[in-house]
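Q: Supplied in structure tokens, the structure appears directly below.
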Amino acid sequence: MTTTQTQTAAELRVEDVSVVFSGLRALDGVSFTVRPGTIHAVIGPNGAGKTTLLNALSGIYRVASGRIMVDGREVTGLRPDRVARRGVARTFQNIVVSPVESTLDNLMVGRHRLTRSGIAATALGLGRGEQRVHEARVRDIAEFAGLSGVLHRPAASLAYGDLKRLEFARALCLEPRLLILDEPVAGMNTAESAELARLVSAARDALGLTVVFVEHDMGVVMSIADRITVLDFGKVVTDGTPEHVRQHPEVISAYLGAPMESGNDQVAERLS
Amino acid sequence: MTRGVEILLSGVSLGLLYALIALGFVIVFKATRTVNFAHASFLLFGVWVVAQTSPHIGFAAAVALGLVAAGTLGLAVERLLLSRVDGRKHDALAILTIGVNVVLTAELSWRIGESVLPLGAPWDGHVLHFGSVVLPLSVILTILTVPLLIAGLAAVLRHTGWGLAMRASIEDREGAALAGVRLKRVSAGAWIAAGILAVAAGIGLASFPSPGVAVSTGTAAIKALPAAIIGGLDSLGGAIVGGLVIGIAEVTVAEYQDALSFLGRGLGDVVAYVIMICVLLCRPSGLFGAKEVSRA
Amino acid sequence: MPETFRLPTAGRVPALCALTAALVVLLALPLYVSAFWLNMGLFAMAAAVGAIGLTILLGAAGQLSLGHAFFVAVGAYGYAFLAGESGGGVSGLGLPPLLAAVLAVLLAGVCGLLFSPVSSRLRGIYLGIASLGLVFLGHHLLQNMKPVTGGFEGRTVVPMSIGGFSFSDQADVTVLGVPFGAAESQWYLFLVVTVGAALLGRNVLRGRPGRALRLMKDSEIGASAMGVDIRRTKAAVFVLSSMYAGAAGVLTALAFQRTVPDYFSLHLSVSYLVMVILGGLGSVGGAIAGAVFVVTLPLLFSRYADSLPFVTGAGGQGLDASTAAQFVYGAVVIVAVIVQPGGLAALAGAVRPLRSRRPAAAATP
């Protein structure tokens, strides 16, 4: 898959972000930076605020305080579609596709922000040329993601693994500079997970993307992440390289809920 | 002053009737997440049964029969038709009620035609005098009995097994089912309750302002829908507030019809919708409806 | 229409032949059939145009609107007023009918735009009941704006004329020995409009807007994350649907040669809803089929009342034609929801060659 446009991977800066729901601090003063072109994982126990963070980044949740900057430009408080127009694409944990539409049509929705034909133009048949150009690119992306065989099948008939890849490929269709993935390999077996992890890494290399993803699968996290942010109770526990995080006592206790004791090398093993 | 009191009480009375109808609609919505487009025709069916039978078996028995008929109709629609559709497909269920409404409306319009059937109620034509204030007996009765009915409903919800099951399944349908709540009983109960409330209100509607059961009684009942929306479909209390707002507004506007004649004749009928649209502009979920957590 | 509603390649050639044959028949019809059938066809085509707009709004975008009758009224009365002459208690601008028709459609669109701040912020049944308010408000206005609408008696409608040719019984035209009156000449006019409306609708549904609408229907958040401006898209599709309704109004006015307020009621909105439900939500072909069914059934019942056991003429012992028709489509809607929620369109799609239905497992790489 080749790049068709010169896109510079974006830098993401999260500065002291808090998100509050009816008095509950789901995120509390979260800060971290993702350098352009890197793959950044966000991990933590259930309820740590990981999905809340992703929703705040994509504009779905209102941020109570703090700032989110993409390439130095503030995106805090923007509506999700405005955030998307800044080159931020995302996938959803529980797969949001149109079940009756074909894989191809679902992918083509990803081109929405890059195409212009409105209702009037499309009604008069003026959008066809644009559609052809973008469809070619979408087919490329589909092939990269291994979806060429199911392009014309309704999404509802796809196997789960294909659906997860459809979510991922559709996000790529936005030609994003920042890609946000919410549990991209949830529910997949080892082989499928490894394959998708490889795709994420390959996409980053080929397209020059910055990737932020939430995952529970430590194997995937450790294999492709350049840096990891660990959350617990809405706060950042630590932030650093996979090696650093693996050894960090607070991370281990956050996952196990118990203070660190000597001889917990097996526990450290579990995190690798 | 006298006239002011009369208008206020008439408005409250009408508002309480709309509140009853809206309550029935909201109960079904909250319990089953189904929008019942046929609600107004259930009402018309029930009061039509009352009007048809009261010359033969007396008013009280006719009312009982009407309540049973409407409750049974609601139950029948729920058990025979709605239950055949996956309960999660809310749109399909709503469309199903549209179909039921088309059939019911056709049947009732054909049978009633242009006639206005007398209810045979003992309060027909009676008025009460309180000093210089003159009010139809039905208005007074409505103001006295409807709050009792609503209190009764609240008591049922709070103190009976069914009421508890209902409240539980409104909160969390799956959780309630897991805890042993029989959802079928809850939804059947909701539909029966809606039918009963509708007929009770219908009897009031067919007494005042225009006595008798006609096709227009059903059309008047449709005004309870904006009442439910104004209150917010998630709120039983909201349905009551919405009903009162619409009832008082309608009677007031009808009273000052002449002064407002530049806005056209028959304003009382549309004021409900005007208020609804104004409320929705400020509060898209109604006054007491659940607001969205996320914004998109 | 989504890809899955298109016929597979093997089925396309026969389908195209069938469509061409149908078109030829339609073009030749006025030469052979009586005015009764032609008029029925006119009403069906007017309804079809409105139904296409509603199926886009409801089927693709998932916006439940019960206000369709209001926008149909705007189109009908807009045309009647703009093209009409003043006199006899009503006023009119006397514009050339073609211009009046276009302006009436645009007026319906403007009304849709004015209502869109409300429609874009509401979802589901809230939108349904709010749009219901439009119908009642509209009815109120129609009854009361006597100079424009003629009050509850309604007003007559100027026949369409293009370039001096009048689509009425006044035109002195004979084609192949058949005198061309209002019904015959309007048949072709309506055919052009209906086919045009269908093509426009199909383009919208198959292209970028259609895809955005369908994702928006399934998940507003998902669509928003793809860059779709939800509020603007909702407003745009509402305006589009209103314009379709306006066009249907113009055609209805021309077909009836009169407009009366009582016609534009909740009952009309529900009829349109039934049309798109029966036809299958989101399908242009389905909308047309549904419209034909809903419009022609009561007329057929009335015409053949003598042969049908349950139908009598008005005033007889049995059901009158329109009530009987109501029973039928109420029942069909109920059965359709329980048995085949996809409507006629899904039924048509179900008749695909077996070889296109491969088991899911075979396709995974």
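Letters for chains follow the order of the structure tokens (A, B, ...), residue numbers begin at 1 for each chain, and ligand numbers begin at 1 in the order shown.
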Would you mind listing what lies within 10 Å of Ala336 in chain C as a list in words, with only C-alpha atoms counted and same-chain residues fewer than 5 positions away left out?
A: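 Final neighbour list, sorted by chain and number: Ala92, Ile95, Leu96 and Gly99 of chain B; Ile277, Leu278, Gly279, Gly280, Tyr329, Gly330, Ala331, Pro341, Gly342, Gly343 and Leu344 of chain C.
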Q: Can you pull out the residues contacting Ile43 in chain A? Cut-off 9 Å, using only C-alpha atoms, and skip same-chain residues under 6 positions away; I want them as JSON, numbers by chain.
A: {"A": [50, 213, 214, 215, 216, 218, 221, 228, 229, 230, 231, 232]}
Q: Excluding same-chain residues fewer than 4 positions from range 261-264 of chain C, what lies within 8 Å of it counting only C-alpha atoms, as a ChimeraX atom specification?
A: /C:69-70,72-73,135,139,142-143,151-154,268-269
Q: Which polymer residues have any atom within 12 Å of an atom of Ala104 in chain C, counting only C-alpha atoms, with same-chain residues fewer than 6 positions away left out, as a VMD selection string?
A: chain C and resid 71 to 83 95 97 to 98 110 to 111 242 to 251 253
Q: Check the DSSP output for the backbone and give back, as a short mmCIF file (atom, residue, chain, number, x, y, z; two decimals) with C-alpha atoms, in the first residue's frame, the residues of range 53-180 of chain B in alpha helix (DSSP H).
A:
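Below you can see part23.cif, which holds the result:
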data_model
loop_
_atom_site.label_atom_id
_atom_site.label_comp_id
_atom_site.auth_asym_id
_atom_site.auth_seq_id
_atom_site.Cartn_x
_atom_site.Cartn_y
_atom_site.Cartn_z
CA THR B 53 -73.65 -0.56 25.86
CA SER B 54 -74.77 2.02 28.38
CA PRO B 55 -78.37 2.26 27.05
CA HIS B 56 -78.64 -1.50 27.56
CA ILE B 57 -76.82 -2.27 30.77
CA PHE B 59 -73.71 3.45 32.77
CA ALA B 60 -71.71 1.85 35.56
CA ALA B 61 -71.71 -1.58 33.96
CA ALA B 62 -70.93 0.00 30.60
CA VAL B 63 -67.90 1.74 32.06
CA ALA B 64 -66.68 -1.50 33.56
CA LEU B 65 -67.18 -3.21 30.23
CA GLY B 66 -65.37 -0.41 28.41
CA LEU B 67 -62.40 -0.64 30.74
CA VAL B 68 -62.23 -4.38 30.32
CA ALA B 69 -62.59 -4.07 26.55
CA ALA B 70 -59.77 -1.55 26.23
CA GLY B 71 -57.55 -3.46 28.62
CA THR B 72 -58.22 -6.65 26.71
CA LEU B 73 -57.53 -4.99 23.39
CA GLY B 74 -54.22 -3.72 24.70
CA LEU B 75 -53.37 -7.14 26.02
CA ALA B 76 -54.41 -8.81 22.77
CA HIS B 90 -38.18 -0.70 18.68
CA ASP B 91 -38.72 0.75 15.23
CA ALA B 92 -40.42 -2.40 14.00
CA LEU B 93 -42.69 -2.43 17.04
CA ALA B 94 -43.63 1.20 16.48
CA ILE B 95 -44.46 0.48 12.85
CA LEU B 96 -46.57 -2.44 13.97
CA THR B 97 -48.61 -0.11 16.14
CA ILE B 98 -49.04 2.16 13.12
CA GLY B 99 -50.59 -0.77 11.30
CA VAL B 100 -52.85 -1.51 14.25
CA ASN B 101 -53.84 2.15 14.34
CA VAL B 102 -54.76 2.17 10.67
CA VAL B 103 -57.00 -0.87 11.12
CA LEU B 104 -58.59 0.36 14.35
CA THR B 105 -59.18 3.86 13.03
CA ALA B 106 -60.76 2.50 9.88
CA GLU B 107 -63.04 0.21 11.83
CA LEU B 108 -64.13 2.85 14.32
CA SER B 109 -64.57 5.61 11.72
CA TRP B 110 -66.74 3.29 9.70
CA ARG B 111 -68.88 2.27 12.66
CA ILE B 112 -69.25 5.71 14.18
CA LEU B 137 -70.46 18.52 37.05
CA SER B 138 -68.09 16.47 34.94
CA VAL B 139 -65.35 19.05 35.43
CA ILE B 140 -65.63 18.83 39.20
CA LEU B 141 -65.74 15.05 39.11
CA THR B 142 -62.66 14.97 36.92
CA ILE B 143 -60.71 17.22 39.26
CA LEU B 144 -61.68 14.99 42.17
CA THR B 145 -61.28 11.53 40.68
CA VAL B 146 -58.29 11.79 38.35
CA PRO B 147 -55.80 12.66 41.10
CA LEU B 148 -57.16 9.64 42.97
CA LEU B 149 -56.57 7.48 39.93
CA ILE B 150 -53.04 8.79 39.58
CA ALA B 151 -52.40 8.24 43.27
CA GLY B 152 -53.74 4.74 42.85
CA LEU B 153 -51.36 4.14 39.99
CA ALA B 154 -48.47 5.45 42.07
CA ALA B 155 -49.49 3.14 44.90
CA VAL B 156 -49.60 0.17 42.57
CA LEU B 157 -46.16 1.02 41.28
CA ARG B 158 -44.76 1.39 44.74
CA HIS B 159 -46.46 -1.31 46.73
CA GLY B 161 -45.16 -6.95 43.13
CA TRP B 162 -46.02 -5.97 39.61
CA GLY B 163 -45.21 -2.35 40.33
CA LEU B 164 -41.80 -3.27 41.64
CA ALA B 165 -41.16 -5.51 38.65
CA MET B 166 -42.22 -2.67 36.39
CA ARG B 167 -39.89 -0.15 38.01
CA ALA B 168 -37.04 -2.63 37.90
CA SER B 169 -37.45 -3.39 34.24
CA ILE B 170 -37.70 0.31 33.42
CA GLU B 171 -34.35 0.84 35.09
CA ARG B 173 -34.46 -4.56 31.39
CA GLU B 174 -31.85 -7.26 31.13
CA GLY B 175 -30.86 -6.97 34.75
CA ALA B 176 -34.43 -7.27 35.84
CA ALA B 177 -34.92 -10.34 33.69
CA LEU B 178 -31.81 -11.89 35.20
#
Q: With 8 Å as the limit and counting only C-alpha atoms, what residues in chain C lie close to chain B? Please list them as a PyMOL selection string.
A: chain C and resi 117-118+121-122+125-126+129-130+133-134+136-137+140-141+144-145+220-221+224+230+270+274+277+319+323+326-327+329-334+337-338+341
Q: Please, could you write that set of residues out with C-alpha atoms as a PDB file, in the first residue's frame?
A:
ATOM      1  CA  PRO C 117     -33.382  23.454  13.711  1.00  0.00           C
ATOM      2  CA  VAL C 118     -36.108  21.484  15.417  1.00  0.00           C
ATOM      3  CA  ARG C 121     -31.967  18.159  17.352  1.00  0.00           C
ATOM      4  CA  LEU C 122     -34.643  15.571  17.853  1.00  0.00           C
ATOM      5  CA  ILE C 125     -40.446   9.553  18.393  1.00  0.00           C
ATOM      6  CA  TYR C 126     -39.706  13.096  19.553  1.00  0.00           C
ATOM      7  CA  ILE C 129     -44.554  13.883  17.262  1.00  0.00           C
ATOM      8  CA  ALA C 130     -42.968  17.268  16.646  1.00  0.00           C
ATOM      9  CA  GLY C 133     -47.454  19.236  15.126  1.00  0.00           C
ATOM     10  CA  LEU C 134     -46.559  20.608  11.721  1.00  0.00           C
ATOM     11  CA  PHE C 136     -51.961  20.161  12.625  1.00  0.00           C
ATOM     12  CA  LEU C 137     -50.486  23.643  12.460  1.00  0.00           C
ATOM     13  CA  HIS C 140     -54.981  25.256  10.917  1.00  0.00           C
ATOM     14  CA  LEU C 141     -53.234  27.690   8.584  1.00  0.00           C
ATOM     15  CA  ASN C 144     -57.670  30.193   8.084  1.00  0.00           C
ATOM     16  CA  MET C 145     -55.575  31.854   5.389  1.00  0.00           C
ATOM     17  CA  GLU C 220     -24.664   9.041  15.062  1.00  0.00           C
ATOM     18  CA  ILE C 221     -21.448   8.863  17.015  1.00  0.00           C
ATOM     19  CA  SER C 224     -19.609  11.758  13.404  1.00  0.00           C
ATOM     20  CA  ILE C 230     -24.666  15.279  11.871  1.00  0.00           C
ATOM     21  CA  VAL C 270     -49.775   7.947   7.726  1.00  0.00           C
ATOM     22  CA  VAL C 274     -47.519   2.951   4.998  1.00  0.00           C
ATOM     23  CA  ILE C 277     -43.034   0.642   5.037  1.00  0.00           C
ATOM     24  CA  LEU C 319     -67.598  -1.497   3.932  1.00  0.00           C
ATOM     25  CA  THR C 323     -62.331   1.764   4.560  1.00  0.00           C
ATOM     26  CA  GLN C 326     -57.496   0.778   4.977  1.00  0.00           C
ATOM     27  CA  PHE C 327     -58.143  -2.602   6.536  1.00  0.00           C
ATOM     28  CA  TYR C 329     -53.019  -2.118   4.219  1.00  0.00           C
ATOM     29  CA  GLY C 330     -53.201  -1.883   7.978  1.00  0.00           C
ATOM     30  CA  ALA C 331     -53.222  -5.661   8.009  1.00  0.00           C
ATOM     31  CA  VAL C 332     -50.450  -5.864   5.413  1.00  0.00           C
ATOM     32  CA  VAL C 333     -48.247  -3.560   7.500  1.00  0.00           C
ATOM     33  CA  ILE C 334     -48.834  -5.759  10.550  1.00  0.00           C
ATOM     34  CA  VAL C 337     -43.494  -6.297  10.201  1.00  0.00           C
ATOM     35  CA  ILE C 338     -43.903  -9.759  11.636  1.00  0.00           C
ATOM     36  CA  PRO C 341     -39.691  -6.274   7.752  1.00  0.00           C
TER      37      PRO C 341
END
Q: Within 10 Å of Leu78 in chain A, counting only C-alpha atoms, which residues qualify if same-chain residues fewer than 2 places away don't, as a PyMOL selection string?
A: (chain A and resi 56-63+74-76+80-84) or (chain B and resi 296)
Q: Please save C-alpha atoms of the selected residues as a PDB file, in the first residue's frame.
A:
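Writing the result to result.pdb gives the following:
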ATOM      1  CA  ALA A  56     -12.262  12.545  25.080  1.00  0.00           C
ATOM      2  CA  LEU A  57      -9.568  12.533  22.390  1.00  0.00           C
ATOM      3  CA  SER A  58     -12.117  12.015  19.625  1.00  0.00           C
ATOM      4  CA  GLY A  59     -14.511  14.648  20.920  1.00  0.00           C
ATOM      5  CA  ILE A  60     -17.284  12.377  22.063  1.00  0.00           C
ATOM      6  CA  TYR A  61     -16.900  13.279  25.730  1.00  0.00           C
ATOM      7  CA  ARG A  62     -16.735  16.777  27.059  1.00  0.00           C
ATOM      8  CA  VAL A  63     -13.464  17.600  28.753  1.00  0.00           C
ATOM      9  CA  GLU A  74      -6.057  22.573  20.075  1.00  0.00           C
ATOM     10  CA  VAL A  75      -8.846  20.084  19.534  1.00  0.00           C
ATOM     11  CA  THR A  76     -10.360  20.194  23.014  1.00  0.00           C
ATOM     12  CA  PRO A  80     -16.273  14.510  16.744  1.00  0.00           C
ATOM     13  CA  ASP A  81     -16.674  15.344  13.088  1.00  0.00           C
ATOM     14  CA  ARG A  82     -14.471  18.412  13.495  1.00  0.00           C
ATOM     15  CA  VAL A  83     -11.855  16.299  15.223  1.00  0.00           C
ATOM     16  CA  ALA A  84     -12.031  13.842  12.331  1.00  0.00           C
TER      17      ALA A  84
ATOM     18  CA  ALA B 296     -22.262  14.186  19.240  1.00  0.00           C
TER      19      ALA B 296
END
Q: Determine which residues of chain C sit within 6 Å of chain A, taking into account only C-alpha atoms, and present them as a ChimeraX atom specification.
A: /C:2,200,203-204,209,215,224-229
Q: Write the residues of the selection above to a file with C-alpha atoms, as a CSV table (one decimal), in the first residue's frame.
A:
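The result, written out as again_25.csv:
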chain,number,residue,atom,x,y,z
C,2,PRO,CA,-26.9,0.0,-0.7
C,200,LEU,CA,-32.2,11.6,-8.4
C,203,ASN,CA,-28.2,8.6,-7.1
C,204,VAL,CA,-28.4,10.1,-3.6
C,209,PRO,CA,-24.8,11.1,1.0
C,215,LEU,CA,-24.2,5.0,9.0
C,224,SER,CA,-19.6,11.8,13.4
C,225,ALA,CA,-16.3,10.0,14.0
C,226,MET,CA,-16.1,9.6,10.2
C,227,GLY,CA,-16.4,13.3,9.7
C,228,VAL,CA,-20.1,13.5,9.0
C,229,ASP,CA,-21.6,16.8,10.3
Q: Counting only C-alpha atoms, what is within 10 Å of Leu27 in chain C, bar same-chain residues fewer than 6 positions away, as a PyMOL selection string?
A: chain C and resi 21+187-188+191
Q: Could you save those same residues with C-alpha atoms as a short mmCIF file (atom, residue, chain, number, x, y, z; two decimals), in the first residue's frame?
A:
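Output file part_19.cif follows:
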data_model
loop_
_atom_site.label_atom_id
_atom_site.label_comp_id
_atom_site.auth_asym_id
_atom_site.auth_seq_id
_atom_site.Cartn_x
_atom_site.Cartn_y
_atom_site.Cartn_z
CA ALA C 21 -40.59 -3.33 -21.56
CA TRP C 187 -49.61 11.25 -17.95
CA TYR C 188 -46.42 11.96 -19.85
CA LEU C 191 -44.01 10.11 -16.01
#
Q: Find the residues around range 192-194 of chain C up to 8 Å (only C-alpha atoms counted), leave out those fewer than 5 positions away in its own chain, and share them as a PyMOL selection string.
A: chain C and resi 45-46+48-49
Q: Please, what distance in Å, to one decimal, runs between CA of Ala26 in chain A and CA of Ala64 in chain A?
A: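 One can read the CA of Ala26 in chain A to CA of Ala64 in chain A distance as 10.5 Å.
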Q: Produce a table with one row for each residue of range 13-48 of chain A that has an atom at most 12 Å from any atom of range 199-206 of chain A, each row naming the nearest atom pair and its distance in Å at one decimal; use only C-alpha atoms; arrange rows by chain and rising residue number; format as a tab-separated table.
A:
residue	atom	partner	partner_atom	distance
A:Pro36	CA	A:Arg204	CA	10.3
A:Gly37	CA	A:Arg204	CA	6.8
A:Thr38	CA	A:Arg204	CA	7.8
A:Ile39	CA	A:Arg204	CA	7.8
A:His40	CA	A:Ser201	CA	11.2
Q: Emit the selected residues as an mmCIF file, in the first residue's frame, including C-alpha atoms.
A:
data_model
loop_
_atom_site.group_PDB
_atom_site.id
_atom_site.type_symbol
_atom_site.label_atom_id
_atom_site.label_comp_id
_atom_site.auth_asym_id
_atom_site.auth_seq_id
_atom_site.Cartn_x
_atom_site.Cartn_y
_atom_site.Cartn_z
ATOM 1 C CA PRO A 36 4.819 11.742 15.603
ATOM 2 C CA GLY A 37 5.063 8.387 13.900
ATOM 3 C CA THR A 38 5.133 6.383 17.124
ATOM 4 C CA ILE A 39 2.780 3.699 18.345
ATOM 5 C CA HIS A 40 1.554 4.505 21.824
#
Q: Could you give me the residues within range 108-285 of chain B that DSSP places in strand (DSSP E), as a compact mmCIF listing (two decimals) with N, CA and C atoms, in the first residue's frame?
A:
# COMPACT_ATOMS: atom_id res chain seq x y z
N VAL B 127 -74.90 20.99 35.88
CA VAL B 127 -73.89 21.98 36.25
C VAL B 127 -73.99 22.27 37.73
N LEU B 128 -72.90 22.72 38.30
CA LEU B 128 -72.88 23.08 39.71
C LEU B 128 -72.64 24.58 39.85
N HIS B 129 -73.24 25.13 40.89
CA HIS B 129 -73.04 26.55 41.15
C HIS B 129 -72.29 26.75 42.45
N PHE B 130 -71.18 27.46 42.38
CA PHE B 130 -70.47 27.85 43.59
C PHE B 130 -70.49 29.36 43.64
N VAL B 133 -69.78 31.16 40.34
CA VAL B 133 -69.03 30.28 39.44
C VAL B 133 -69.90 29.11 39.01
N VAL B 134 -69.99 28.91 37.73
CA VAL B 134 -70.79 27.81 37.18
C VAL B 134 -69.87 26.83 36.47
N LEU B 135 -69.93 25.58 36.86
CA LEU B 135 -69.08 24.59 36.20
C LEU B 135 -69.87 23.31 35.93
N PRO B 136 -69.58 22.67 34.80
CA PRO B 136 -70.22 21.38 34.56
C PRO B 136 -69.82 20.39 35.65
Q: Rounded to one decimal in Å, what is the spacing between CA of Ser223 in chain A and CA of Asp28 in chain A?
A: 28.5 Å
Q: Nearest to chain B among A:Asn55, A:Asn46, A:Gln93, A:Thr33, with distances taken over only C-alpha atoms: which residue is it?
A: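 Closest candidate: A:Asn55.
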Q: For Ser210 in chain B, which of B:Gly189, B:Gly87, B:Pro118, B:Gly113 is the closest residue, counting only C-alpha atoms?
A: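 Once distances to Ser210 in chain B are computed over only C-alpha atoms, the minimum belongs to B:Pro118.
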